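For reference, the structure is listed below as structure tokens.
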Amino acid sequence: MLFGKNSTWNPDGQHIYVTGGSTGLGLSLAIILVKRGAHVSIVARNQNKLDDALKELEEHRQHPNQKLAAHSFSLDTAEESAAALEAVCEPHDGRAPDAVFACAGSSKPKFFVEMSAEEMQNGMTNGYWVQAWTAMAAAKKMVRDRTKGKIILVSSTLGYMSFVGYTSYSPAKHALRADTLQSELMLYDIDVHIFFPPTMYTPGYEEENKTKPKITRDIESTDDGVTAEAAAVALFEGVRAGHAHITADMITTLFRASTRGVAPRHNIFLDPLYDMAAYIIAPIWKRSVDKRVREHRAEHRQYLVEAGFFA
Amino acid sequence: MLFSKNLTWNPDGQHIYVTGGSTGLGLSLAILLVKSGAHVSIVARNQNKLDDALKELENHRQHSNQKLAAHSFSLDTAEESAAALEVVCEPHNGRAPDAVFACAGSSKPKFFVEMSAEEMQNGMTNGYWVQAWTAMAAAKKMVRDRTKGKIILVSSTLGYMSFVGYASYSPAKHALRGLADTLQSELMLYDIDVHIFFPPTMYTPGYEEETKTKPKITRDIESTDDGVTAEAAAVALFEGVRAGHAHITADMITTLFRASTRGVAPRHNIFLDPLYDMAAYIIAPIWKRSVDKRVREHRAEHREYLVEAGFFS
């Protein structure tokens, strides 16, 4: 148990702000929160998707006084993220939300040597800044309002480890993981959680596969993904249980237990077992991945030749 | 042993490119490389510091044919970093260096709620991009030249863990770790080795600069950690690369984190690593509990500080 003050967090009657809330994980989570009686505000870019999402949220309304809202904003910059937060808070007397779930983000896996500088930068924007700016705006507002709220970031299994294909994405997901805020926001009684989902079968995943190198797909083929709904349930339950680091599948749980840095532990009995399992399994997995990468060298060189890399 | 093809890496006669090479870790490392007989090119911003550094490198010259050079460049953007690399390679027939040590970087610790967006972005530029762009330019050039080279990034203990004060710096140092672990896997496609160094506090000019803005609570938490000199850190980095370690540390505390935070980074030692991991398993939560306690006790004083700074007006 991370935080002794609440035995279980209950969002009923609270105002929860969900970014990336019109599709995928964000939408599934927003639905769970609406079903639990929370006031829910979602933000994303595309107005059509937001309209559809809001209709879906309405279907799960529990009370007539629940405030459900959708706003279109980009979250790429500090200014836009702060403006989004202000718009979201306006129907609530301008007060800070009780919890902010930063589910916004996307990934574009590609070979490093084929990537442009812009793609590298977009990886950091779409993986890290779209959440960090929201966290910054929310933290400042919660502190000013003296709201003892929650900030939840969404990283990835690729925030615990990485492999070929993710040089623009994994750094962003590792950057989100830096446990600075979990420590620092204790100064204000603001809780910080971070979710590490595996592959989630969402529209974002379809988009990702358009550029994903074949070797990356091959390495991932042994991992089971989860649905957005299942991921949202794991995230919700993890926040309720007060876990600082939250996972939704066993592989990522093994990484959490063996990669924890100073993140608080979950379970004094299971965590050592996970750690020992990871100690044996992770190097075996790594060896098999290294072997696949090395075997791919000739095919890859041919690929680069055909792509004109050496011209 | 990470790479069985080289029992011990030897820089003698190789061309090594060191960014952030005019002061601190980069300069100390460059000196070691010159003493080992390498051709060394250093890049940094300030021309005066580069001139002084080049004079110092000359003092350690081993052979008359060693090429020692210093160039002034910013490394904040992809374009500047690629331009720096081209200039560095010119005296070597335009060929890619045999190894690139990305030692450039700086830190500005501050309270998150007092930080401007610009400070947050500068943290990522000065902690991550100044190295990532160099890695990108170097990888592309090594692949085109078919050079089976080495790329070395420099993270920090704060790339393994974090605490109050480092919201602009720790994400950058964690990001480097994500990049290094991805590249360590991906650049096997080209037989390019990737290493990453996690130094603790290093007593350098950069450290002096850092303490100007560092919150008192951050200083208090760090006061129990011993730092190292730039020279000692450079030796640890050099030895780690020679030994073929993917993740390199220079002090016991960071070593404990390496062993307990490794993700899929290759292990060092099949006997010691489990012992480190078990030690960290017990020690890290105790340390964390003591830090959390200090932070919570600091709340009233911190609120007073924010009131005086005008945060609530």
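Ordering of the structure tokens sets the chain letters (A, B, ...), residue numbers begin anew at 1 in every chain, and ligands are numbered from 1 in the order given.
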
List the neighbours of Asp12 of chain B out to 12 Å using only C-alpha atoms; skip same-chain residues closer than 2 positions along the sequence, and give me the result as a VMD selection string.
chain B and resid 8 to 10 14 to 16 32 to 40 61 to 63 65 to 67 98 to 99

Enumerate, in order of chain and increasing residue number, the residues of chain B with an atom no farther than 6 Å from chain A, each with its shortest atom pair and distance in Å to one decimal, counting only C-alpha atoms, as JSON lines.
{"residue": "B:Val113", "atom": "CA", "partner": "A:Lys140", "partner_atom": "CA", "distance": 5.3}
{"residue": "B:Lys140", "atom": "CA", "partner": "A:Val113", "partner_atom": "CA", "distance": 5.3}
{"residue": "B:Tyr160", "atom": "CA", "partner": "A:Gly261", "partner_atom": "CA", "distance": 5.8}
{"residue": "B:Met161", "atom": "CA", "partner": "A:Gly261", "partner_atom": "CA", "distance": 5.0}
{"residue": "B:Ser162", "atom": "CA", "partner": "A:Thr180", "partner_atom": "CA", "distance": 5.0}
{"residue": "B:Phe163", "atom": "CA", "partner": "A:Thr180", "partner_atom": "CA", "distance": 4.5}
{"residue": "B:Val164", "atom": "CA", "partner": "A:Glu184", "partner_atom": "CA", "distance": 4.2}
{"residue": "B:Ala167", "atom": "CA", "partner": "A:Thr180", "partner_atom": "CA", "distance": 5.6}
{"residue": "B:Ser170", "atom": "CA", "partner": "A:Ala178", "partner_atom": "CA", "distance": 5.9}
{"residue": "B:Pro171", "atom": "CA", "partner": "A:Ala175", "partner_atom": "CA", "distance": 3.9}
{"residue": "B:His174", "atom": "CA", "partner": "A:Ala175", "partner_atom": "CA", "distance": 5.2}
{"residue": "B:Ala175", "atom": "CA", "partner": "A:Pro171", "partner_atom": "CA", "distance": 3.9}
{"residue": "B:Gly178", "atom": "CA", "partner": "A:Pro171", "partner_atom": "CA", "distance": 4.3}
{"residue": "B:Leu179", "atom": "CA", "partner": "A:Pro171", "partner_atom": "CA", "distance": 5.2}
{"residue": "B:Asp181", "atom": "CA", "partner": "A:Ser162", "partner_atom": "CA", "distance": 5.8}
{"residue": "B:Thr182", "atom": "CA", "partner": "A:Phe163", "partner_atom": "CA", "distance": 4.5}
{"residue": "B:Ser185", "atom": "CA", "partner": "A:Phe163", "partner_atom": "CA", "distance": 5.3}
{"residue": "B:Glu186", "atom": "CA", "partner": "A:Val164", "partner_atom": "CA", "distance": 4.2}
{"residue": "B:Leu189", "atom": "CA", "partner": "A:Arg297", "partner_atom": "CA", "distance": 4.9}
{"residue": "B:Ser260", "atom": "CA", "partner": "A:Ser258", "partner_atom": "CA", "distance": 5.8}
{"residue": "B:Thr261", "atom": "CA", "partner": "A:Thr259", "partner_atom": "CA", "distance": 3.6}
{"residue": "B:Arg262", "atom": "CA", "partner": "A:Thr259", "partner_atom": "CA", "distance": 5.6}
{"residue": "B:Gly263", "atom": "CA", "partner": "A:Met161", "partner_atom": "CA", "distance": 5.0}
{"residue": "B:Val264", "atom": "CA", "partner": "A:Ala282", "partner_atom": "CA", "distance": 5.9}
{"residue": "B:Ala284", "atom": "CA", "partner": "A:Val262", "partner_atom": "CA", "distance": 6.0}
{"residue": "B:Arg296", "atom": "CA", "partner": "A:Leu187", "partner_atom": "CA", "distance": 5.8}
{"residue": "B:Arg299", "atom": "CA", "partner": "A:Leu187", "partner_atom": "CA", "distance": 4.9}

Name the residues of segment 4-99 of chain A that come out as strand (DSSP E) in a backbone DSSP run; write them as a PyMOL selection string.
chain A and resi 15-19+39-44+68-72+99

Between atom CA of Arg146 of chain A and atom CA of Phe311 of chain B, measure the distance and give it in Å to one decimal.
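So the two atoms, atom CA of Arg146 of chain A and atom CA of Phe311 of chain B, lie 12.2 Å apart.
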
Identify, on the basis of only C-alpha atoms, every residue whose closest approach to segment 101-107 of chain A does not exceed 7 Å; exclude the query and any residue fewer than 4 positions from it along the same chain; express the result as a PyMOL selection string.
chain A and resi 17-21+25-26+123+126-127+130-131+151-154+169+204+208

Could you check how far atom CA of Lys55 of chain B sits from atom CA of Tyr207 of chain B, in Å to one decimal?
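It comes out at 23.3 Å.
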
Quick one: everything within 12 Å of Ile270 of chain B, counting only C-alpha atoms, minus sequence neighbours fewer than 4 positions away in the same chain. Send it as a PDB file with all heavy atoms, in the first residue's frame.
ATOM      1  N   TYR A 279      15.293 -12.424 -13.026  1.00  0.00           N
ATOM      2  CA  TYR A 279      16.749 -12.550 -13.052  1.00  0.00           C
ATOM      3  C   TYR A 279      17.185 -13.683 -13.958  1.00  0.00           C
ATOM      4  O   TYR A 279      18.196 -13.613 -14.650  1.00  0.00           O
ATOM      5  CB  TYR A 279      17.264 -12.776 -11.623  1.00  0.00           C
ATOM      6  CG  TYR A 279      18.758 -12.652 -11.537  1.00  0.00           C
ATOM      7  CD1 TYR A 279      19.360 -11.408 -11.484  1.00  0.00           C
ATOM      8  CD2 TYR A 279      19.572 -13.778 -11.554  1.00  0.00           C
ATOM      9  CE1 TYR A 279      20.729 -11.274 -11.439  1.00  0.00           C
ATOM     10  CE2 TYR A 279      20.950 -13.650 -11.509  1.00  0.00           C
ATOM     11  CZ  TYR A 279      21.528 -12.399 -11.453  1.00  0.00           C
ATOM     12  OH  TYR A 279      22.885 -12.264 -11.415  1.00  0.00           O
ATOM     13  N   ILE A 280      16.366 -14.735 -13.979  1.00  0.00           N
ATOM     14  CA  ILE A 280      16.694 -15.890 -14.822  1.00  0.00           C
ATOM     15  C   ILE A 280      16.131 -15.709 -16.226  1.00  0.00           C
ATOM     16  O   ILE A 280      16.800 -15.971 -17.227  1.00  0.00           O
ATOM     17  CB  ILE A 280      16.117 -17.171 -14.182  1.00  0.00           C
ATOM     18  CG1 ILE A 280      16.844 -17.433 -12.860  1.00  0.00           C
ATOM     19  CG2 ILE A 280      16.255 -18.362 -15.129  1.00  0.00           C
ATOM     20  CD1 ILE A 280      16.149 -18.416 -11.963  1.00  0.00           C
ATOM     21  N   PRO A 283      17.608 -12.454 -19.017  1.00  0.00           N
ATOM     22  CA  PRO A 283      18.790 -12.684 -19.849  1.00  0.00           C
ATOM     23  C   PRO A 283      18.563 -13.746 -20.931  1.00  0.00           C
ATOM     24  O   PRO A 283      19.140 -13.649 -22.017  1.00  0.00           O
ATOM     25  CB  PRO A 283      19.844 -13.175 -18.851  1.00  0.00           C
ATOM     26  CG  PRO A 283      19.368 -12.744 -17.525  1.00  0.00           C
ATOM     27  CD  PRO A 283      17.894 -12.730 -17.584  1.00  0.00           C
TER      28      PRO A 283
ATOM     29  N   MET B   1      31.252 -10.565 -19.896  1.00  0.00           N
ATOM     30  CA  MET B   1      31.859 -10.002 -21.109  1.00  0.00           C
ATOM     31  C   MET B   1      30.777  -9.780 -22.143  1.00  0.00           C
ATOM     32  O   MET B   1      30.009 -10.659 -22.468  1.00  0.00           O
ATOM     33  CB  MET B   1      32.917 -10.986 -21.628  1.00  0.00           C
ATOM     34  CG  MET B   1      33.803 -10.379 -22.667  1.00  0.00           C
ATOM     35  SD  MET B   1      34.936  -9.163 -21.958  1.00  0.00           S
ATOM     36  CE  MET B   1      35.844 -10.181 -20.805  1.00  0.00           C
ATOM     37  N   ALA B 259      22.323  -3.183 -10.626  1.00  0.00           N
ATOM     38  CA  ALA B 259      21.982  -4.599 -10.451  1.00  0.00           C
ATOM     39  C   ALA B 259      20.500  -4.797 -10.206  1.00  0.00           C
ATOM     40  O   ALA B 259      19.953  -5.857 -10.498  1.00  0.00           O
ATOM     41  CB  ALA B 259      22.797  -5.191  -9.308  1.00  0.00           C
ATOM     42  N   PRO B 266      22.592  -6.333 -20.221  1.00  0.00           N
ATOM     43  CA  PRO B 266      23.373  -7.521 -19.893  1.00  0.00           C
ATOM     44  C   PRO B 266      24.002  -7.434 -18.510  1.00  0.00           C
ATOM     45  O   PRO B 266      24.371  -6.361 -18.044  1.00  0.00           O
ATOM     46  CB  PRO B 266      24.474  -7.533 -20.970  1.00  0.00           C
ATOM     47  CG  PRO B 266      23.903  -6.753 -22.096  1.00  0.00           C
ATOM     48  CD  PRO B 266      23.046  -5.694 -21.464  1.00  0.00           C
ATOM     49  N   PRO B 274      23.745 -10.962  -8.392  1.00  0.00           N
ATOM     50  CA  PRO B 274      22.635 -11.325  -7.502  1.00  0.00           C
ATOM     51  C   PRO B 274      22.826 -10.781  -6.091  1.00  0.00           C
ATOM     52  O   PRO B 274      21.858 -10.379  -5.441  1.00  0.00           O
ATOM     53  CB  PRO B 274      22.662 -12.867  -7.491  1.00  0.00           C
ATOM     54  CG  PRO B 274      23.534 -13.269  -8.605  1.00  0.00           C
ATOM     55  CD  PRO B 274      24.410 -12.127  -8.968  1.00  0.00           C
ATOM     56  N   LEU B 275      24.090 -10.727  -5.621  1.00  0.00           N
ATOM     57  CA  LEU B 275      24.336 -10.190  -4.284  1.00  0.00           C
ATOM     58  C   LEU B 275      24.021  -8.694  -4.243  1.00  0.00           C
ATOM     59  O   LEU B 275      23.386  -8.210  -3.299  1.00  0.00           O
ATOM     60  CB  LEU B 275      25.806 -10.433  -3.877  1.00  0.00           C
ATOM     61  CG  LEU B 275      26.195 -11.899  -3.725  1.00  0.00           C
ATOM     62  CD1 LEU B 275      27.689 -12.027  -3.426  1.00  0.00           C
ATOM     63  CD2 LEU B 275      25.389 -12.575  -2.619  1.00  0.00           C
ATOM     64  N   TYR B 276      24.446  -7.970  -5.271  1.00  0.00           N
ATOM     65  CA  TYR B 276      24.114  -6.551  -5.350  1.00  0.00           C
ATOM     66  C   TYR B 276      22.603  -6.365  -5.374  1.00  0.00           C
ATOM     67  O   TYR B 276      22.060  -5.472  -4.719  1.00  0.00           O
ATOM     68  CB  TYR B 276      24.684  -5.926  -6.633  1.00  0.00           C
ATOM     69  CG  TYR B 276      26.186  -5.796  -6.678  1.00  0.00           C
ATOM     70  CD1 TYR B 276      26.874  -5.982  -7.876  1.00  0.00           C
ATOM     71  CD2 TYR B 276      26.926  -5.475  -5.553  1.00  0.00           C
ATOM     72  CE1 TYR B 276      28.245  -5.836  -7.947  1.00  0.00           C
ATOM     73  CE2 TYR B 276      28.305  -5.336  -5.612  1.00  0.00           C
ATOM     74  CZ  TYR B 276      28.955  -5.522  -6.811  1.00  0.00           C
ATOM     75  OH  TYR B 276      30.314  -5.388  -6.888  1.00  0.00           O
ATOM     76  N   ASP B 277      21.939  -7.197  -6.179  1.00  0.00           N
ATOM     77  CA  ASP B 277      20.488  -7.082  -6.321  1.00  0.00           C
ATOM     78  C   ASP B 277      19.804  -7.295  -4.973  1.00  0.00           C
ATOM     79  O   ASP B 277      18.922  -6.540  -4.591  1.00  0.00           O
ATOM     80  CB  ASP B 277      20.004  -8.108  -7.362  1.00  0.00           C
ATOM     81  CG  ASP B 277      18.585  -7.842  -7.835  1.00  0.00           C
ATOM     82  OD1 ASP B 277      17.985  -6.841  -7.402  1.00  0.00           O
ATOM     83  OD2 ASP B 277      18.077  -8.635  -8.636  1.00  0.00           O
TER      84      ASP B 277
END

Quick one: DSSP alpha helix (DSSP H) residues in segment 31-265 of chain A, as a PyMOL selection string?
chain A and resi 31-35+47-58+78-89+117-124+130-144+170-177+180-184+203-208+214-220+228-240+250-258

For Thr134 of chain A, which of B:Ala138, B:Ala230, B:Ala84, B:Ala117 is the closest residue, counting only C-alpha atoms?
B:Ala117

Within 12 Å of Asp251 of chain B, counting only C-alpha atoms, which residues show up once you throw out same-chain ones fewer than 5 positions away? Write them as a list in words, please.
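The filter keeps Ser156, Thr157, Phe197, Phe198, Pro199, Pro200, Thr201, Met202, Asp225, Asp226, Gly227, Val228, Thr229, Ala232, Ala233, Val235, Ala236, Leu237, Leu256, Phe257 and Arg258 of chain B.
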
Include all heavy atoms and write out the residues we just selected as a compact mmCIF listing (two decimals), in the first residue's frame.
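Output file part_15.txt is given in full below:
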# COMPACT_ATOMS: atom_id res chain seq x y z
N SER B 156 23.47 9.09 -15.72
CA SER B 156 23.69 9.53 -14.36
C SER B 156 23.03 8.51 -13.44
O SER B 156 22.17 7.76 -13.88
CB SER B 156 23.03 10.89 -14.16
OG SER B 156 22.86 11.20 -12.80
N THR B 157 23.41 8.52 -12.16
CA THR B 157 22.66 7.74 -11.18
C THR B 157 21.18 8.11 -11.32
O THR B 157 20.30 7.26 -11.15
CB THR B 157 23.14 8.07 -9.75
OG1 THR B 157 24.56 7.95 -9.72
CG2 THR B 157 22.53 7.13 -8.73
N PHE B 197 27.18 5.15 -19.45
CA PHE B 197 27.84 5.39 -18.17
C PHE B 197 26.85 6.09 -17.22
O PHE B 197 26.10 6.97 -17.64
CB PHE B 197 29.07 6.28 -18.41
CG PHE B 197 29.92 6.58 -17.20
CD1 PHE B 197 30.12 5.62 -16.21
CD2 PHE B 197 30.55 7.80 -17.07
CE1 PHE B 197 30.94 5.89 -15.12
CE2 PHE B 197 31.37 8.08 -15.99
CZ PHE B 197 31.56 7.13 -15.01
N PHE B 198 26.83 5.65 -15.96
CA PHE B 198 25.94 6.24 -14.96
C PHE B 198 26.77 6.81 -13.81
O PHE B 198 26.85 6.20 -12.74
CB PHE B 198 24.97 5.18 -14.42
CG PHE B 198 24.03 4.63 -15.45
CD1 PHE B 198 24.40 3.58 -16.27
CD2 PHE B 198 22.74 5.15 -15.60
CE1 PHE B 198 23.54 3.06 -17.24
CE2 PHE B 198 21.87 4.63 -16.56
CZ PHE B 198 22.28 3.58 -17.37
N PRO B 199 27.39 7.97 -13.99
CA PRO B 199 28.22 8.51 -12.91
C PRO B 199 27.37 9.09 -11.79
O PRO B 199 26.24 9.53 -12.03
CB PRO B 199 29.03 9.62 -13.59
CG PRO B 199 28.17 10.06 -14.73
CD PRO B 199 27.40 8.85 -15.19
N PRO B 200 27.90 9.14 -10.56
CA PRO B 200 27.25 9.84 -9.46
C PRO B 200 27.63 11.31 -9.57
O PRO B 200 28.13 11.74 -10.61
CB PRO B 200 27.88 9.20 -8.23
CG PRO B 200 29.30 8.94 -8.67
CD PRO B 200 29.21 8.58 -10.14
N THR B 201 27.40 12.07 -8.51
CA THR B 201 27.88 13.44 -8.45
C THR B 201 29.36 13.47 -8.81
O THR B 201 30.16 12.73 -8.25
CB THR B 201 27.72 13.99 -7.02
OG1 THR B 201 26.32 14.07 -6.74
CG2 THR B 201 28.33 15.36 -6.90
N MET B 202 29.72 14.34 -9.77
CA MET B 202 31.14 14.52 -10.12
C MET B 202 31.52 15.95 -9.78
O MET B 202 30.80 16.88 -10.15
CB MET B 202 31.35 14.27 -11.62
CG MET B 202 31.15 12.83 -12.04
SD MET B 202 31.50 12.57 -13.80
CE MET B 202 30.05 13.30 -14.57
N ASP B 225 25.67 11.15 0.02
CA ASP B 225 26.35 10.45 -1.08
C ASP B 225 27.72 11.06 -1.31
O ASP B 225 27.87 12.27 -1.38
CB ASP B 225 25.57 10.58 -2.39
CG ASP B 225 24.12 10.16 -2.24
OD1 ASP B 225 23.86 9.27 -1.41
OD2 ASP B 225 23.28 10.74 -2.94
N ASP B 226 28.71 10.21 -1.47
CA ASP B 226 30.02 10.70 -1.86
C ASP B 226 30.05 10.90 -3.36
O ASP B 226 29.59 10.05 -4.12
CB ASP B 226 31.10 9.66 -1.51
CG ASP B 226 31.24 9.50 -0.02
OD1 ASP B 226 31.05 10.50 0.70
OD2 ASP B 226 31.52 8.38 0.42
N GLY B 227 30.57 12.01 -3.78
CA GLY B 227 30.78 12.20 -5.21
C GLY B 227 32.15 11.67 -5.57
O GLY B 227 32.87 11.13 -4.72
N VAL B 228 32.48 11.82 -6.86
CA VAL B 228 33.81 11.41 -7.31
C VAL B 228 34.43 12.55 -8.10
O VAL B 228 33.74 13.46 -8.54
CB VAL B 228 33.75 10.14 -8.21
CG1 VAL B 228 33.18 8.96 -7.44
CG2 VAL B 228 32.93 10.40 -9.47
N THR B 229 35.75 12.51 -8.27
CA THR B 229 36.39 13.51 -9.13
C THR B 229 36.14 13.13 -10.59
O THR B 229 35.82 11.98 -10.90
CB THR B 229 37.91 13.54 -8.90
OG1 THR B 229 38.43 12.25 -9.21
CG2 THR B 229 38.25 13.92 -7.48
N ALA B 232 38.52 10.32 -11.59
CA ALA B 232 38.11 8.98 -11.15
C ALA B 232 36.97 8.45 -12.01
O ALA B 232 36.94 7.28 -12.38
CB ALA B 232 37.70 9.01 -9.68
N ALA B 233 36.02 9.34 -12.33
CA ALA B 233 34.89 8.93 -13.17
C ALA B 233 35.39 8.52 -14.55
O ALA B 233 34.94 7.51 -15.11
CB ALA B 233 33.88 10.07 -13.29
N VAL B 235 38.28 7.31 -15.36
CA VAL B 235 38.94 6.01 -15.28
C VAL B 235 37.91 4.89 -15.28
O VAL B 235 38.04 3.90 -16.00
CB VAL B 235 39.83 5.92 -14.01
CG1 VAL B 235 40.30 4.49 -13.78
CG2 VAL B 235 41.04 6.85 -14.14
N ALA B 236 36.84 5.07 -14.48
CA ALA B 236 35.79 4.04 -14.41
C ALA B 236 35.13 3.85 -15.78
O ALA B 236 34.86 2.72 -16.20
CB ALA B 236 34.75 4.42 -13.37
N LEU B 237 34.87 4.96 -16.46
CA LEU B 237 34.25 4.89 -17.78
C LEU B 237 35.16 4.16 -18.76
O LEU B 237 34.74 3.24 -19.47
CB LEU B 237 33.93 6.30 -18.28
CG LEU B 237 33.50 6.45 -19.74
CD1 LEU B 237 32.33 5.55 -20.07
CD2 LEU B 237 33.16 7.91 -20.04
N LEU B 256 24.61 -0.76 -7.11
CA LEU B 256 23.46 -1.45 -6.53
C LEU B 256 22.21 -1.17 -7.37
O LEU B 256 21.40 -2.07 -7.60
CB LEU B 256 23.23 -1.00 -5.09
CG LEU B 256 24.29 -1.41 -4.07
CD1 LEU B 256 23.91 -0.90 -2.69
CD2 LEU B 256 24.46 -2.92 -4.04
N PHE B 257 22.08 0.07 -7.85
CA PHE B 257 20.93 0.37 -8.70
C PHE B 257 21.03 -0.35 -10.03
O PHE B 257 20.04 -0.86 -10.54
CB PHE B 257 20.79 1.88 -8.93
CG PHE B 257 20.15 2.59 -7.78
CD1 PHE B 257 20.83 3.54 -7.05
CD2 PHE B 257 18.84 2.28 -7.42
CE1 PHE B 257 20.23 4.17 -5.97
CE2 PHE B 257 18.24 2.91 -6.34
CZ PHE B 257 18.93 3.85 -5.62
N ARG B 258 22.23 -0.39 -10.60
CA ARG B 258 22.41 -1.10 -11.87
C ARG B 258 21.92 -2.54 -11.73
O ARG B 258 21.18 -3.06 -12.58
CB ARG B 258 23.87 -1.08 -12.33
CG ARG B 258 24.09 -1.86 -13.62
CD ARG B 258 25.55 -2.01 -13.98
NE ARG B 258 26.32 -2.75 -12.99
CZ ARG B 258 26.21 -4.06 -12.75
NH1 ARG B 258 25.36 -4.79 -13.42
NH2 ARG B 258 26.97 -4.63 -11.82

Contacts of Cys89 of chain B at 10 Å (only C-alpha atoms; same-chain gap of 6+ positions) as a ChimeraX atom specification:
/B:15-17,41,83,95-97

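Rounded to one decimal, atom CA of Thr202 of chain A and atom CA of Val233 of chain A lie 15.0 Å from each other.
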